[in-house]
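As stored in input.txt (compact mmCIF, C-alpha atoms):
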```txt
# COMPACT_ATOMS: atom_id res chain seq x y z
CA MET A 1098 22.13 -21.52 -7.84
CA SER A 1099 21.77 -20.09 -4.36
CA ALA A 1100 22.48 -16.89 -2.48
CA VAL A 1101 22.55 -15.88 1.16
CA TYR A 1102 19.24 -14.43 2.32
CA THR A 1103 20.12 -10.93 3.47
CA HIS A 1104 17.23 -10.39 5.88
CA GLY A 1105 17.14 -13.72 7.68
CA HIS A 1106 14.15 -14.53 9.87
CA HIS A 1107 14.62 -12.39 12.96
CA GLU A 1108 11.38 -11.33 14.65
CA SER A 1109 11.80 -7.80 13.29
CA VAL A 1110 11.87 -9.21 9.76
CA LEU A 1111 8.83 -11.41 10.28
CA ARG A 1112 7.00 -8.41 11.78
CA SER A 1113 7.34 -6.77 8.38
CA HIS A 1114 6.53 -9.89 6.38
CA THR A 1115 3.36 -10.71 8.30
CA TRP A 1116 2.06 -7.19 7.60
CA ARG A 1117 1.87 -8.06 3.90
CA THR A 1118 -1.45 -8.90 2.29
CA ALA A 1119 -2.57 -9.60 -1.24
CA ALA A 1120 -4.13 -6.14 -1.29
CA ASN A 1121 -0.98 -4.23 -0.31
CA SER A 1122 1.54 -6.51 -2.02
CA ALA A 1123 -0.11 -8.19 -5.03
CA ALA A 1124 -2.79 -5.76 -6.24
CA TYR A 1125 -1.41 -5.94 -9.80
CA LEU A 1126 -2.19 -9.68 -9.87
CA LEU A 1127 -5.62 -9.77 -8.24
CA PRO A 1128 -7.77 -8.84 -11.29
CA HIS A 1129 -6.37 -11.91 -13.08
CA LEU A 1130 -7.31 -14.46 -10.42
CA ARG A 1131 -10.43 -16.58 -10.71
CA SER A 1132 -12.17 -19.16 -8.59
CA GLY A 1133 -10.85 -22.66 -9.27
CA MET A 1134 -7.32 -21.67 -10.33
CA SER A 1135 -4.26 -23.58 -9.16
CA LEU A 1136 -1.47 -21.34 -7.85
CA LEU A 1137 2.14 -21.81 -6.76
CA ASP A 1138 3.40 -19.21 -4.29
CA VAL A 1139 7.20 -19.17 -4.39
CA GLY A 1140 9.10 -17.89 -1.36
CA CYS A 1141 5.90 -17.68 0.66
CA GLY A 1142 7.49 -16.61 3.94
CA PRO A 1143 5.00 -16.58 6.83
CA GLY A 1144 2.10 -17.04 4.42
CA THR A 1145 -0.11 -13.98 4.87
CA ILE A 1146 -0.17 -13.22 1.14
CA THR A 1147 -0.55 -16.95 0.45
CA ALA A 1148 -3.66 -17.16 2.62
CA ASP A 1149 -5.27 -14.21 0.85
CA LEU A 1150 -4.54 -15.74 -2.55
CA ALA A 1151 -6.00 -19.07 -1.41
CA GLU A 1152 -9.25 -17.37 -0.45
CA LEU A 1153 -9.43 -15.67 -3.84
CA VAL A 1154 -8.93 -18.83 -5.94
CA ALA A 1155 -10.96 -21.22 -3.76
CA PRO A 1156 -11.98 -23.93 -4.37
CA GLY A 1157 -8.80 -23.91 -6.41
CA HIS A 1158 -5.63 -25.07 -4.68
CA VAL A 1159 -2.56 -23.09 -3.59
CA THR A 1160 0.84 -24.65 -3.03
CA ALA A 1161 3.28 -22.48 -1.09
CA ILE A 1162 7.01 -23.16 -0.93
CA ASP A 1163 9.91 -21.59 0.92
CA ALA A 1164 13.46 -22.71 1.56
CA ALA A 1165 13.22 -22.09 5.32
CA ASP A 1166 11.31 -24.69 7.30
CA GLY A 1167 10.67 -22.30 10.19
CA VAL A 1168 8.66 -19.85 8.11
CA VAL A 1169 6.88 -22.69 6.30
CA ALA A 1170 5.63 -23.77 9.71
CA LYS A 1171 4.36 -20.24 10.34
CA ALA A 1172 2.61 -20.25 6.94
CA ARG A 1173 0.85 -23.48 7.91
CA GLU A 1174 -0.26 -21.85 11.17
CA VAL A 1175 -1.70 -18.86 9.28
CA ALA A 1176 -3.64 -21.12 6.91
CA ALA A 1177 -4.96 -23.24 9.79
CA ARG A 1178 -5.96 -20.19 11.82
CA ARG A 1179 -7.96 -18.89 8.87
CA GLY A 1180 -9.59 -22.26 8.27
CA LEU A 1181 -8.14 -22.69 4.78
CA GLU A 1182 -8.20 -26.25 3.51
CA ASN A 1183 -7.02 -25.48 -0.02
CA VAL A 1184 -3.40 -24.62 0.92
CA ALA A 1185 -0.33 -26.84 1.16
CA CYS A 1186 2.81 -25.21 2.64
CA GLU A 1187 6.05 -27.05 1.94
CA VAL A 1188 9.80 -26.65 2.07
CA GLY A 1189 10.83 -26.38 -1.56
CA ASP A 1190 13.45 -25.23 -4.05
CA LEU A 1191 12.49 -22.53 -6.52
CA TYR A 1192 14.82 -23.92 -9.18
CA ARG A 1193 13.77 -27.54 -8.70
CA PRO A 1194 10.11 -27.60 -7.70
CA ALA A 1195 8.79 -31.06 -6.89
CA TYR A 1196 5.86 -30.80 -9.32
CA PRO A 1197 5.37 -31.82 -12.93
CA GLU A 1198 5.84 -29.11 -15.54
CA GLY A 1199 2.68 -27.21 -16.34
CA SER A 1200 1.06 -27.92 -12.98
CA PHE A 1201 -0.22 -24.42 -12.19
CA ASP A 1202 -2.36 -21.68 -13.68
CA VAL A 1203 -0.43 -18.99 -11.78
CA VAL A 1204 3.08 -18.89 -10.31
CA HIS A 1205 3.65 -15.96 -7.95
CA ALA A 1206 6.76 -14.60 -6.22
CA HIS A 1207 6.83 -11.56 -3.94
CA GLN A 1208 10.22 -10.07 -2.96
CA VAL A 1209 12.03 -13.20 -4.08
CA LEU A 1210 13.98 -12.45 -7.25
CA GLN A 1211 16.09 -9.76 -5.55
CA HIS A 1212 17.51 -12.43 -3.23
CA VAL A 1213 18.44 -15.20 -5.69
CA ALA A 1214 21.72 -15.59 -7.55
CA ASP A 1215 20.05 -16.37 -10.90
CA PRO A 1216 16.79 -14.43 -11.28
CA VAL A 1217 16.52 -15.26 -14.99
CA GLY A 1218 16.85 -18.95 -14.20
CA ALA A 1219 14.25 -18.54 -11.49
CA LEU A 1220 11.80 -17.05 -13.98
CA VAL A 1221 12.53 -19.89 -16.41
CA ALA A 1222 11.68 -22.39 -13.64
CA MET A 1223 8.51 -20.46 -12.80
CA ARG A 1224 7.53 -20.53 -16.47
CA ARG A 1225 8.01 -24.30 -16.62
CA ALA A 1226 5.67 -24.70 -13.67
CA CYS A 1227 2.89 -22.90 -15.58
CA GLY A 1228 0.49 -24.61 -17.91
CA PRO A 1229 -0.14 -23.20 -21.43
CA GLY A 1230 -1.44 -19.67 -21.12
CA GLY A 1231 -0.52 -19.60 -17.44
CA LEU A 1232 0.60 -16.49 -15.64
CA VAL A 1233 3.93 -15.77 -13.93
CA ALA A 1234 3.74 -12.83 -11.51
CA ALA A 1235 6.61 -11.21 -9.64
CA ARG A 1236 7.01 -8.07 -7.54
CA ASP A 1237 10.28 -6.79 -6.10
CA SER A 1238 11.39 -3.62 -4.40
CA ASP A 1239 14.12 -1.35 -5.79
CA TYR A 1240 16.30 -0.04 -2.98
CA ALA A 1241 18.02 2.74 -4.91
CA THR A 1242 14.66 4.38 -5.57
CA PHE A 1243 13.55 4.38 -1.93
CA THR A 1244 13.04 7.99 -0.92
CA TRP A 1245 12.23 9.77 2.32
CA TYR A 1246 11.90 13.05 4.12
CA PRO A 1247 13.28 14.63 6.21
CA GLU A 1248 16.82 13.98 5.07
CA VAL A 1249 18.66 11.94 7.69
CA PRO A 1250 22.31 11.21 6.78
CA ALA A 1251 22.26 7.89 8.64
CA LEU A 1252 19.56 6.61 6.28
CA ASP A 1253 21.81 7.35 3.30
CA GLU A 1254 24.44 5.28 5.10
CA TRP A 1255 21.86 2.52 5.65
CA GLN A 1256 20.90 2.49 1.96
CA ASP A 1257 24.53 2.18 0.88
CA LEU A 1258 25.23 -0.53 3.45
CA TYR A 1259 22.20 -2.55 2.42
CA HIS A 1260 23.32 -2.48 -1.23
CA ARG A 1261 26.79 -3.68 -0.28
CA VAL A 1262 25.55 -6.51 1.93
CA ALA A 1263 22.86 -7.71 -0.49
CA ARG A 1264 25.27 -7.82 -3.42
CA ALA A 1265 27.92 -9.58 -1.33
CA ASN A 1266 25.22 -12.18 -0.64
CA GLY A 1267 24.68 -12.72 -4.38
CA GLY A 1268 21.44 -10.77 -4.71
CA GLU A 1269 20.37 -7.63 -6.56
CA PRO A 1270 18.69 -5.05 -4.29
CA ASP A 1271 17.63 -2.90 -7.26
CA ALA A 1272 15.61 -5.75 -8.71
CA GLY A 1273 12.40 -3.82 -9.36
CA ARG A 1274 13.77 -1.96 -12.36
CA ARG A 1275 15.25 -5.16 -13.80
CA LEU A 1276 12.16 -7.40 -13.76
CA LEU A 1277 11.11 -6.58 -17.32
CA SER A 1278 14.63 -7.25 -18.61
CA TRP A 1279 14.92 -10.49 -16.65
CA ALA A 1280 11.55 -11.66 -17.97
CA ARG A 1281 12.61 -10.99 -21.56
CA GLN A 1282 15.86 -12.89 -20.98
CA ALA A 1283 13.81 -15.78 -19.58
CA GLY A 1284 11.99 -16.05 -22.91
CA PHE A 1285 8.71 -14.28 -22.14
CA SER A 1286 7.27 -12.08 -24.87
CA ASP A 1287 3.83 -11.26 -23.46
CA ILE A 1288 4.83 -9.13 -20.46
CA THR A 1289 3.01 -6.37 -18.61
CA ALA A 1290 5.41 -4.33 -16.47
CA THR A 1291 4.09 -1.95 -13.81
CA GLY A 1292 5.17 -0.30 -10.57
CA SER A 1293 3.65 0.55 -7.21
CA VAL A 1294 4.69 1.84 -3.80
CA TRP A 1295 4.29 1.34 -0.12
CA CYS A 1296 4.12 4.71 1.61
CA PHE A 1297 4.67 5.24 5.33
CA ALA A 1298 3.58 8.69 6.47
CA THR A 1299 1.14 8.41 9.39
CA PRO A 1300 2.47 8.51 12.97
CA ALA A 1301 1.61 4.83 13.44
CA ASP A 1302 3.22 3.80 10.15
CA ARG A 1303 6.37 5.83 10.88
CA ALA A 1304 6.72 4.29 14.33
CA TRP A 1305 6.25 0.77 12.92
CA TRP A 1306 8.55 1.14 9.89
CA SER A 1307 11.33 2.97 11.71
CA GLY A 1308 11.15 0.68 14.71
CA LEU A 1309 11.46 -2.53 12.77
CA TRP A 1310 14.36 -1.21 10.67
CA ALA A 1311 16.19 0.12 13.71
CA GLU A 1312 15.95 -3.39 15.12
CA ARG A 1313 16.83 -5.12 11.86
CA VAL A 1314 19.95 -2.99 11.45
CA THR A 1315 21.26 -4.05 14.85
CA SER A 1316 19.83 -7.53 15.43
CA SER A 1317 18.94 -9.35 12.19
CA ALA A 1318 21.04 -11.41 9.80
CA MET A 1319 21.88 -8.19 7.97
CA ALA A 1320 23.59 -6.88 11.12
CA GLU A 1321 25.66 -10.04 11.47
CA GLN A 1322 26.60 -9.98 7.78
CA SER A 1323 27.51 -6.28 7.84
CA ILE A 1324 30.01 -6.90 10.61
CA SER A 1325 31.36 -10.24 9.34
CA TYR A 1326 31.95 -8.81 5.85
CA GLY A 1327 33.82 -5.86 7.32
CA PHE A 1328 31.34 -3.31 5.96
CA ALA A 1329 30.38 -1.84 9.34
CA ALA A 1330 31.24 -1.91 13.03
CA ARG A 1331 28.71 -2.27 15.82
CA ALA A 1332 28.95 1.47 16.49
CA ASP A 1333 28.04 2.17 12.84
CA LEU A 1334 24.93 0.01 13.10
CA GLU A 1335 23.86 1.72 16.31
CA ARG A 1336 24.27 5.10 14.63
CA ILE A 1337 22.14 3.98 11.69
CA ALA A 1338 19.49 2.66 14.08
CA ASP A 1339 19.43 6.03 15.81
CA GLY A 1340 18.92 7.62 12.38
CA TRP A 1341 15.89 5.43 11.82
CA ARG A 1342 14.48 6.50 15.18
CA GLU A 1343 15.15 10.14 14.30
CA TRP A 1344 13.23 9.78 11.05
CA GLY A 1345 10.40 7.93 12.80
CA ALA A 1346 10.01 10.73 15.33
CA ALA A 1347 9.71 13.45 12.67
CA GLU A 1348 6.16 14.83 12.47
CA ASP A 1349 6.54 15.37 8.73
CA GLY A 1350 8.28 12.06 8.08
CA TRP A 1351 7.45 10.33 4.78
CA PHE A 1352 8.97 7.18 3.24
CA ALA A 1353 8.22 5.52 -0.12
CA VAL A 1354 9.24 1.97 -1.05
CA VAL A 1355 9.16 1.60 -4.84
CA HIS A 1356 8.39 -1.78 -6.45
CA GLY A 1357 8.60 -3.19 -9.94
CA GLU A 1358 6.01 -5.75 -11.06
CA ILE A 1359 5.64 -8.12 -13.99
CA LEU A 1360 2.81 -10.28 -15.33
CA CYS A 1361 4.08 -12.76 -17.92
CA ARG A 1362 2.01 -15.15 -20.03
CA ALA A 1363 3.58 -18.57 -20.38
```
Hey, can you dump this file as structure tokens for me?
Amino acid sequence: MSAVYTHGHHESVLRSHTWRTAANSAAYLLPHLRSGMSLLDVGCGPGTITADLAELVAPGHVTAIDAADGVVAKAREVAARRGLENVACEVGDLYRPAYPEGSFDVVHAHQVLQHVADPVGALVAMRRACGPGGLVAARDSDYATFTWYPEVPALDEWQDLYHRVARANGGEPDAGRRLLSWARQAGFSDITATGSVWCFATPADRAWWSGLWAERVTSSAMAEQSISYGFAARADLERIADGWREWGAAEDGWFAVVHGEILCRA
């Protein structure tokens, strides 16, 4: 099953994705990684997390897949720039990976399950890719729990609009809270569920976070979808973008992005 990817691959989206590292986006998984492991990174995007994971399991091998060939090319560039020879980046299908069952010690997905039409089926496929005793790891944000200060009405409008667009695309933007339930439905019994946050509160972080969202709201695939679905007009998107800039300019601005996480033994 497939769904429309809400964010798309506009530069403002990739600016956010390339900021991600294993340390800020997969800390819950890192204590379980060992040298020599084989790892499948599902929905790798531009590959910055992938590259970190490859360094941690070397000389073990990492296979990274994504449905978009453009970002797979960027992931290859990141691996080459860092001199990593234990990474293969490929266009691939989460539900139908081109590898024998039980091929990997770890199967990892960051911000993927919120965008697919069948997250339980995705976890079943990830489980099949694991060998006996292997580890399935997933982390997803939970948009309804995002919180910020000061209160800017346009950001409430943004949060509501994002929910509407993401669900129209077949995804679940409040995935973080559902990961444990989805894992149980996928047949896992040995599950560790945790949570963590990204927090943007320094002047530099506020400028970066607000700037990229102001641009995403008006220029990314989400903007196009918002208008084509009839959920917003161009003037609405511009107003929301102004709200992001207002929040970013606030000296006491603070924003928390809440994530759910699961570690599941196959």
Could the residues of stretch 1117-1144 of chain A that have an atom at most 12 Å from stretch 1215-1225 of chain A be listed as CSV, each with its closest atom pair and the distance in Å to one decimal, counting all atoms listed in the file and ordered by chain and ascending residue number?
```
residue,atom,partner,partner_atom,distance
A:Leu1136,CA,A:Met1223,CA,11.2
A:Leu1137,CA,A:Met1223,CA,8.9
A:Asp1138,CA,A:Met1223,CA,10.0
A:Val1139,CA,A:Met1223,CA,8.6
A:Gly1140,CA,A:Ala1219,CA,11.4
```
Subject >> From A:Cys1296, A:Val1213, A:Ala1151, A:Leu1126, residue lying nearest A:Gly1267 [all atoms listed in the file] >> reply: A:Val1213
Write out, as CSV, each residue of stretch 1309-1330 of chain A that has an atom at most 7 Å from stretch 1335-1340 of chain A, together with the closest pair of atoms and their distance in Å to one decimal, counting only C-alpha atoms, rows going by chain and rising number.
```
residue,atom,partner,partner_atom,distance
A:Ala1311,CA,A:Ala1338,CA,4.2
A:Val1314,CA,A:Ala1338,CA,6.2
A:Thr1315,CA,A:Glu1335,CA,6.5
```
Sorted per-residue table, stretch 1103-1177 of chain A near stretch 1188-1208 of chain A, closest atoms and distance, 12 Å, only C-alpha atoms, as a tab-separated table:
```
residue	atom	partner	partner_atom	distance
A:Thr1103	CA	A:Gln1208	CA	11.8
A:His1104	CA	A:Gln1208	CA	11.3
A:His1114	CA	A:Gln1208	CA	10.0
A:Arg1117	CA	A:His1207	CA	9.9
A:Thr1118	CA	A:His1207	CA	10.7
A:Ala1119	CA	A:His1207	CA	10.0
A:Asn1121	CA	A:His1207	CA	11.3
A:Ser1122	CA	A:His1207	CA	7.6
A:Ala1123	CA	A:His1207	CA	7.8
A:Ala1124	CA	A:His1207	CA	11.5
A:Tyr1125	CA	A:His1205	CA	11.4
A:Leu1126	CA	A:His1205	CA	8.8
A:Leu1127	CA	A:His1205	CA	11.2
A:His1129	CA	A:Val1203	CA	9.3
A:Leu1130	CA	A:Val1203	CA	8.3
A:Arg1131	CA	A:Asp1202	CA	10.0
A:Ser1132	CA	A:Asp1202	CA	11.3
A:Gly1133	CA	A:Asp1202	CA	9.6
A:Met1134	CA	A:Asp1202	CA	6.0
A:Ser1135	CA	A:Phe1201	CA	5.1
A:Leu1136	CA	A:Val1203	CA	4.7
A:Leu1137	CA	A:Val1204	CA	4.7
A:Asp1138	CA	A:His1205	CA	4.9
A:Val1139	CA	A:Ala1206	CA	4.9
A:Gly1140	CA	A:Ala1206	CA	6.3
A:Cys1141	CA	A:Ala1206	CA	7.6
A:Gly1142	CA	A:His1207	CA	9.4
A:Gly1144	CA	A:His1207	CA	11.1
A:Thr1145	CA	A:His1207	CA	11.5
A:Ile1146	CA	A:His1207	CA	8.8
A:Thr1147	CA	A:His1205	CA	9.4
A:Leu1150	CA	A:His1205	CA	9.8
A:Ala1151	CA	A:Val1203	CA	11.8
A:Val1154	CA	A:Val1203	CA	10.3
A:Gly1157	CA	A:Asp1202	CA	10.0
A:His1158	CA	A:Phe1201	CA	9.3
A:Val1159	CA	A:Phe1201	CA	9.0
A:Thr1160	CA	A:Phe1201	CA	9.2
A:Ala1161	CA	A:Val1188	CA	8.4
A:Ile1162	CA	A:Gly1189	CA	5.0
A:Asp1163	CA	A:Val1188	CA	5.2
A:Ala1164	CA	A:Val1188	CA	5.4
A:Ala1165	CA	A:Val1188	CA	6.6
A:Asp1166	CA	A:Val1188	CA	5.8
A:Gly1167	CA	A:Val1188	CA	9.3
A:Val1168	CA	A:Val1188	CA	9.2
A:Val1169	CA	A:Val1188	CA	6.5
A:Ala1170	CA	A:Val1188	CA	9.2
A:Lys1171	CA	A:Val1188	CA	11.8
A:Ala1172	CA	A:Val1188	CA	10.8
A:Arg1173	CA	A:Val1188	CA	11.1
```
Okay, now the selection with C-alpha atoms, as an mmCIF file, in the coordinates of the input?
```
data_model
loop_
_atom_site.group_PDB
_atom_site.id
_atom_site.type_symbol
_atom_site.label_atom_id
_atom_site.label_comp_id
_atom_site.auth_asym_id
_atom_site.auth_seq_id
_atom_site.Cartn_x
_atom_site.Cartn_y
_atom_site.Cartn_z
ATOM 1 C CA THR A 1103 20.120 -10.930 3.470
ATOM 2 C CA HIS A 1104 17.230 -10.390 5.880
ATOM 3 C CA HIS A 1114 6.530 -9.890 6.380
ATOM 4 C CA ARG A 1117 1.870 -8.060 3.900
ATOM 5 C CA THR A 1118 -1.450 -8.900 2.290
ATOM 6 C CA ALA A 1119 -2.570 -9.600 -1.240
ATOM 7 C CA ASN A 1121 -0.980 -4.230 -0.310
ATOM 8 C CA SER A 1122 1.540 -6.510 -2.020
ATOM 9 C CA ALA A 1123 -0.110 -8.190 -5.030
ATOM 10 C CA ALA A 1124 -2.790 -5.760 -6.240
ATOM 11 C CA TYR A 1125 -1.410 -5.940 -9.800
ATOM 12 C CA LEU A 1126 -2.190 -9.680 -9.870
ATOM 13 C CA LEU A 1127 -5.620 -9.770 -8.240
ATOM 14 C CA HIS A 1129 -6.370 -11.910 -13.080
ATOM 15 C CA LEU A 1130 -7.310 -14.460 -10.420
ATOM 16 C CA ARG A 1131 -10.430 -16.580 -10.710
ATOM 17 C CA SER A 1132 -12.170 -19.160 -8.590
ATOM 18 C CA GLY A 1133 -10.850 -22.660 -9.270
ATOM 19 C CA MET A 1134 -7.320 -21.670 -10.330
ATOM 20 C CA SER A 1135 -4.260 -23.580 -9.160
ATOM 21 C CA LEU A 1136 -1.470 -21.340 -7.850
ATOM 22 C CA LEU A 1137 2.140 -21.810 -6.760
ATOM 23 C CA ASP A 1138 3.400 -19.210 -4.290
ATOM 24 C CA VAL A 1139 7.200 -19.170 -4.390
ATOM 25 C CA GLY A 1140 9.100 -17.890 -1.360
ATOM 26 C CA CYS A 1141 5.900 -17.680 0.660
ATOM 27 C CA GLY A 1142 7.490 -16.610 3.940
ATOM 28 C CA GLY A 1144 2.100 -17.040 4.420
ATOM 29 C CA THR A 1145 -0.110 -13.980 4.870
ATOM 30 C CA ILE A 1146 -0.170 -13.220 1.140
ATOM 31 C CA THR A 1147 -0.550 -16.950 0.450
ATOM 32 C CA LEU A 1150 -4.540 -15.740 -2.550
ATOM 33 C CA ALA A 1151 -6.000 -19.070 -1.410
ATOM 34 C CA VAL A 1154 -8.930 -18.830 -5.940
ATOM 35 C CA GLY A 1157 -8.800 -23.910 -6.410
ATOM 36 C CA HIS A 1158 -5.630 -25.070 -4.680
ATOM 37 C CA VAL A 1159 -2.560 -23.090 -3.590
ATOM 38 C CA THR A 1160 0.840 -24.650 -3.030
ATOM 39 C CA ALA A 1161 3.280 -22.480 -1.090
ATOM 40 C CA ILE A 1162 7.010 -23.160 -0.930
ATOM 41 C CA ASP A 1163 9.910 -21.590 0.920
ATOM 42 C CA ALA A 1164 13.460 -22.710 1.560
ATOM 43 C CA ALA A 1165 13.220 -22.090 5.320
ATOM 44 C CA ASP A 1166 11.310 -24.690 7.300
ATOM 45 C CA GLY A 1167 10.670 -22.300 10.190
ATOM 46 C CA VAL A 1168 8.660 -19.850 8.110
ATOM 47 C CA VAL A 1169 6.880 -22.690 6.300
ATOM 48 C CA ALA A 1170 5.630 -23.770 9.710
ATOM 49 C CA LYS A 1171 4.360 -20.240 10.340
ATOM 50 C CA ALA A 1172 2.610 -20.250 6.940
ATOM 51 C CA ARG A 1173 0.850 -23.480 7.910
#
```
**OP:** Find the residues near stretch 1342-1352 of chain A: any atom within 6 Å, counting all atoms listed in the file, skip ones fewer than 4 places away on the same chain, and give them as an NGL selection string.
**Re:** :A and (1244-1247 or 1296-1298 or 1303-1304 or 1307)
Original post:
Of the candidates A:Gly1231, A:Trp1295, A:Met1319, A:Arg1362, which one gets nearest to A:Ala1263 if we count all atoms listed in the file?
Top reply: A:Met1319
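When atom CA of A:Ala1280 is paired with atom CA of A:His1106, their separation reads 28.1 Å.
Between A:Tyr1326 and the residues A:Gln1282, A:Asn1266, A:Thr1291, A:Ser1113, the shortest atom-to-atom distance, using only C-alpha atoms, involves A:Asn1266.
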